[in-house]
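Next comes data.pdb, a file with PDB, C-alpha atoms.
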ATOM      1  CA  MET T   1      -5.866  11.458   4.241
ATOM      2  CA  HIS T   2      -7.425   9.107   6.773
ATOM      3  CA  ARG T   3     -10.112   8.052   4.291
ATOM      4  CA  TYR T   4      -7.457   6.360   2.130
ATOM      5  CA  TYR T   5      -6.097   4.572   5.178
ATOM      6  CA  LEU T   6      -9.529   3.398   6.276
ATOM      7  CA  SER T   7     -10.430   2.437   2.710
ATOM      8  CA  ALA T   8      -7.431   0.103   2.546
ATOM      9  CA  LEU T   9      -8.377  -1.438   5.889
ATOM     10  CA  ARG T  10     -11.995  -1.906   4.770
ATOM     11  CA  ARG T  11     -10.773  -3.786   1.695
ATOM     12  CA  TYR T  12      -8.764  -5.968   4.082
ATOM     13  CA  ALA T  13      -8.091  -8.990   1.865
ATOM     14  CA  ASP T  14      -9.358  -7.709  -1.479
ATOM     15  CA  TYR T  15      -6.632  -8.456  -4.000
ATOM     16  CA  ARG T  16      -8.843  -7.679  -7.000
ATOM     17  CA  GLY T  17      -9.135  -4.371  -8.759
ATOM     18  CA  ARG T  18      -6.875  -1.372  -8.875
ATOM     19  CA  ALA T  19      -5.615   1.301  -6.479
ATOM     20  CA  ARG T  20      -4.617   4.831  -7.439
ATOM     21  CA  ARG T  21      -1.234   6.271  -6.537
ATOM     22  CA  ILE T  22      -2.701   8.675  -3.987
ATOM     23  CA  GLU T  23      -4.559   5.827  -2.275
ATOM     24  CA  TYR T  24      -1.319   3.889  -1.888
ATOM     25  CA  TRP T  25       0.915   6.770  -0.804
ATOM     26  CA  MET T  26      -1.582   8.239   1.681
ATOM     27  CA  PHE T  27      -1.919   4.817   3.273
ATOM     28  CA  VAL T  28       1.881   4.539   3.445
ATOM     29  CA  LEU T  29       2.111   7.979   5.064
ATOM     30  CA  VAL T  30      -0.450   7.233   7.779
ATOM     31  CA  HIS T  31       0.969   3.738   8.320
ATOM     32  CA  ALA T  32       4.496   5.152   8.727
ATOM     33  CA  VAL T  33       3.307   7.796  11.199
ATOM     34  CA  ILE T  34       1.591   5.135  13.308
ATOM     35  CA  VAL T  35       4.636   2.839  13.254
ATOM     36  CA  VAL T  36       7.053   5.656  14.133
ATOM     37  CA  ALA T  37       4.761   6.921  16.907
ATOM     38  CA  LEU T  38       4.393   3.456  18.430
ATOM     39  CA  ALA T  39       8.136   2.778  18.174
ATOM     40  CA  THR T  40       9.001   6.132  19.745
ATOM     41  CA  LEU T  41       6.508   5.659  22.548
ATOM     42  CA  SER T  42       7.745   2.147  23.237
ATOM     43  CA  VAL T  43      11.288   3.469  23.702
ATOM     44  CA  ALA T  44      10.356   6.623  25.615
ATOM     45  CA  VAL T  45       7.398   5.545  27.723
ATOM     46  CA  ALA T  46       7.020   1.810  28.200
ATOM     47  CA  ASP T  47       8.568  -1.319  26.762
ATOM     48  CA  TRP T  48       5.201  -3.065  26.600
ATOM     49  CA  LEU T  49       4.166  -0.733  23.780
ATOM     50  CA  MET T  50       6.570  -2.685  21.559
ATOM     51  CA  TYR T  51       4.035  -5.514  21.762
ATOM     52  CA  VAL T  52       1.354  -3.108  20.518
ATOM     53  CA  LEU T  53       3.631  -2.211  17.603
ATOM     54  CA  ILE T  54       4.185  -5.882  16.784
ATOM     55  CA  ALA T  55       0.438  -6.572  16.989
ATOM     56  CA  TYR T  56      -0.266  -3.584  14.728
ATOM     57  CA  TYR T  57       2.308  -4.793  12.237
ATOM     58  CA  PHE T  58       0.821  -8.277  12.055
ATOM     59  CA  ALA T  59      -2.729  -6.887  11.853
ATOM     60  CA  THR T  60      -1.790  -4.798   8.814
ATOM     61  CA  VAL T  61       0.248  -7.348   6.835
ATOM     62  CA  VAL T  62      -2.751  -8.550   4.808
ATOM     63  CA  PRO T  63      -4.180  -5.083   4.024
ATOM     64  CA  VAL T  64      -0.746  -3.849   2.975
ATOM     65  CA  THR T  65      -0.123  -6.783   0.631
ATOM     66  CA  ALA T  66      -3.627  -6.394  -0.823
ATOM     67  CA  LEU T  67      -3.081  -2.673  -1.398
ATOM     68  CA  VAL T  68       0.304  -3.290  -3.040
ATOM     69  CA  ALA T  69      -1.298  -5.908  -5.300
ATOM     70  CA  ARG T  70      -4.054  -3.477  -6.311
ATOM     71  CA  ARG T  71      -1.452  -0.760  -6.959
ATOM     72  CA  LEU T  72       0.543  -3.147  -9.154
ATOM     73  CA  HIS T  73      -2.681  -3.975 -11.004
ATOM     74  CA  ASP T  74      -3.182  -0.267 -11.677
ATOM     75  CA  VAL T  75       0.258  -0.072 -13.279
ATOM     76  CA  GLY T  76      -0.524  -3.186 -15.336
ATOM     77  CA  TYR T  77       1.442  -5.861 -13.479
ATOM     78  CA  SER T  78       0.471  -8.920 -11.493
ATOM     79  CA  GLY T  79       0.146  -8.605  -7.737
ATOM     80  CA  TRP T  80       2.585 -11.498  -7.413
ATOM     81  CA  LEU T  81       5.332  -9.112  -8.477
ATOM     82  CA  GLN T  82       5.511  -7.887  -4.880
ATOM     83  CA  LEU T  83       7.463 -11.054  -4.124
ATOM     84  CA  ILE T  84      10.407  -9.214  -5.688
ATOM     85  CA  ASN T  85      10.756  -7.722  -2.199
ATOM     86  CA  LEU T  86      12.329 -11.015  -1.154
ATOM     87  CA  LEU T  87      15.331 -10.332  -3.396
ATOM     88  CA  PRO T  88      18.185  -8.058  -2.356
ATOM     89  CA  PHE T  89      17.364  -4.542  -3.524
ATOM     90  CA  GLY T  90      14.014  -5.777  -4.866
ATOM     91  CA  PHE T  91      12.302  -3.115  -2.796
ATOM     92  CA  ILE T  92      13.848  -0.470  -5.077
ATOM     93  CA  VAL T  93      12.178  -2.007  -8.132
ATOM     94  CA  LEU T  94       8.884  -2.225  -6.263
ATOM     95  CA  LEU T  95       9.224   1.381  -5.130
ATOM     96  CA  VAL T  96       9.615   2.464  -8.751
ATOM     97  CA  PHE T  97       6.481   0.508  -9.744
ATOM     98  CA  MET T  98       4.527   2.130  -6.889
ATOM     99  CA  ALA T  99       5.533   5.585  -8.176
ATOM    100  CA  LEU T 100       4.537   4.957 -11.804
ATOM    101  CA  PRO T 101       1.274   6.452 -13.057
ATOM    102  CA  GLY T 102      -1.549   3.986 -13.538
ATOM    103  CA  GLU T 103      -2.766   2.888 -16.934
ATOM    104  CA  PRO T 104      -5.515   5.160 -18.229
ATOM    105  CA  GLY T 105      -8.791   3.430 -18.864
ATOM    106  CA  PRO T 106      -9.523  -0.225 -18.203
ATOM    107  CA  ASN T 107      -6.851  -2.903 -18.195
ATOM    108  CA  ARG T 108      -6.914  -6.669 -17.567
ATOM    109  CA  HIS T 109      -7.369  -6.040 -13.830
ATOM    110  CA  GLY T 110     -10.480  -3.911 -14.167
ATOM    111  CA  PRO T 111     -11.665  -0.400 -14.908
ATOM    112  CA  ALA T 112      -9.667   2.661 -13.914
ATOM    113  CA  PRO T 113     -10.192   3.550 -10.255
ATOM    114  CA  ALA T 114     -12.865   6.120  -9.517
ATOM    115  CA  GLY T 115     -11.637   9.662  -9.402
ATOM    116  CA  ARG T 116      -9.198   9.338 -12.272
ATOM    117  CA  ARG T 117      -9.997  11.546 -15.200
ATOM    118  CA  LEU T 118      -8.553  10.338 -18.489
ATOM    119  CA  SER T 119      -7.796  13.891 -19.585
ATOM    120  CA  ALA T 120      -5.697  14.489 -16.445
ATOM    121  CA  VAL T 121      -3.433  11.490 -17.061
ATOM    122  CA  PRO T 122      -0.040  12.594 -18.432
ATOM    123  CA  VAL T 123       1.006  11.127 -21.742
TER     124      VAL T 123
END
What would the structure in this file look like if it were written as structure tokens?
Amino acid sequence: MHRYYLSALRRYADYRGRARRIEYWMFVLVHAVIVVALATLSVAVADWLMYVLIAYYFATVVPVTALVARRLHDVGYSGWLQLINLLPFGFIVLLVFMALPGEPGPNRHGPAPAGRRLSAVPV
């Protein structure tokens, strides 16, 4: 689980290529656990931890947007589509795109991510 999180952080500002569903959702899981833990600790233990949460949030904005762009590439869309988040209820559309299976084989954004077997992709 942590390898997906660290992989996204290593590819900090890499908006090229594709990201598998598991890579995206494992990152989201670890990211959510960290945010909830920091928020809970800031309320329960010390107010100054809220500044740590804010710093963490700003430090992960670029890796998150890059990962979302790569995930959209895997589904066959442009990474710019994540701007739909700025619209009311746009996050629902983006959530659906994040849950879609990736395109089997290469697409205009590059080859299929490593680890994906074409025979395992549902039709």
Output of the PyMOL selection byres ((chain T and resi 33-41) around 12), listed as a ChimeraX atom specification: /T:2,5,26-32,42-58,60
Show me the residues around (-9.9, -6.2, -0.3) - criterion: an atom at most 12 Å away, all atoms listed in the file counted - as a count of residues only. 23
Name all residues at most 9 Å from region 94-105 of chain T (count only C-alpha atoms; drop same-chain ones fewer than 2 positions away) and give them as a VMD selection string. chain T and resid 18 to 21 24 to 25 68 71 to 77 81 to 82 84 to 85 90 to 92 107 110 to 113 116 to 118 121 to 122
Taking into account all atoms listed in the file, which residue in the set T:Phe89, T:Ile22, T:Leu83, T:Ser78 is nearest to Arg108 (chain T)?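 Ranking T:Phe89, T:Ile22, T:Leu83, T:Ser78 by distance to Arg108 (chain T), first place goes to T:Ser78.
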Around all listed atoms of region 98-113 of chain T, padded 5 Å per side, what centre and edge lengths does the axis-aligned box have in Å to one decimal, as AutoDock Vina command-line options?
--center_x -3.1 --center_y -0.1 --center_z -12.9 --size_x 27.2 --size_y 23.1 --size_z 22.0
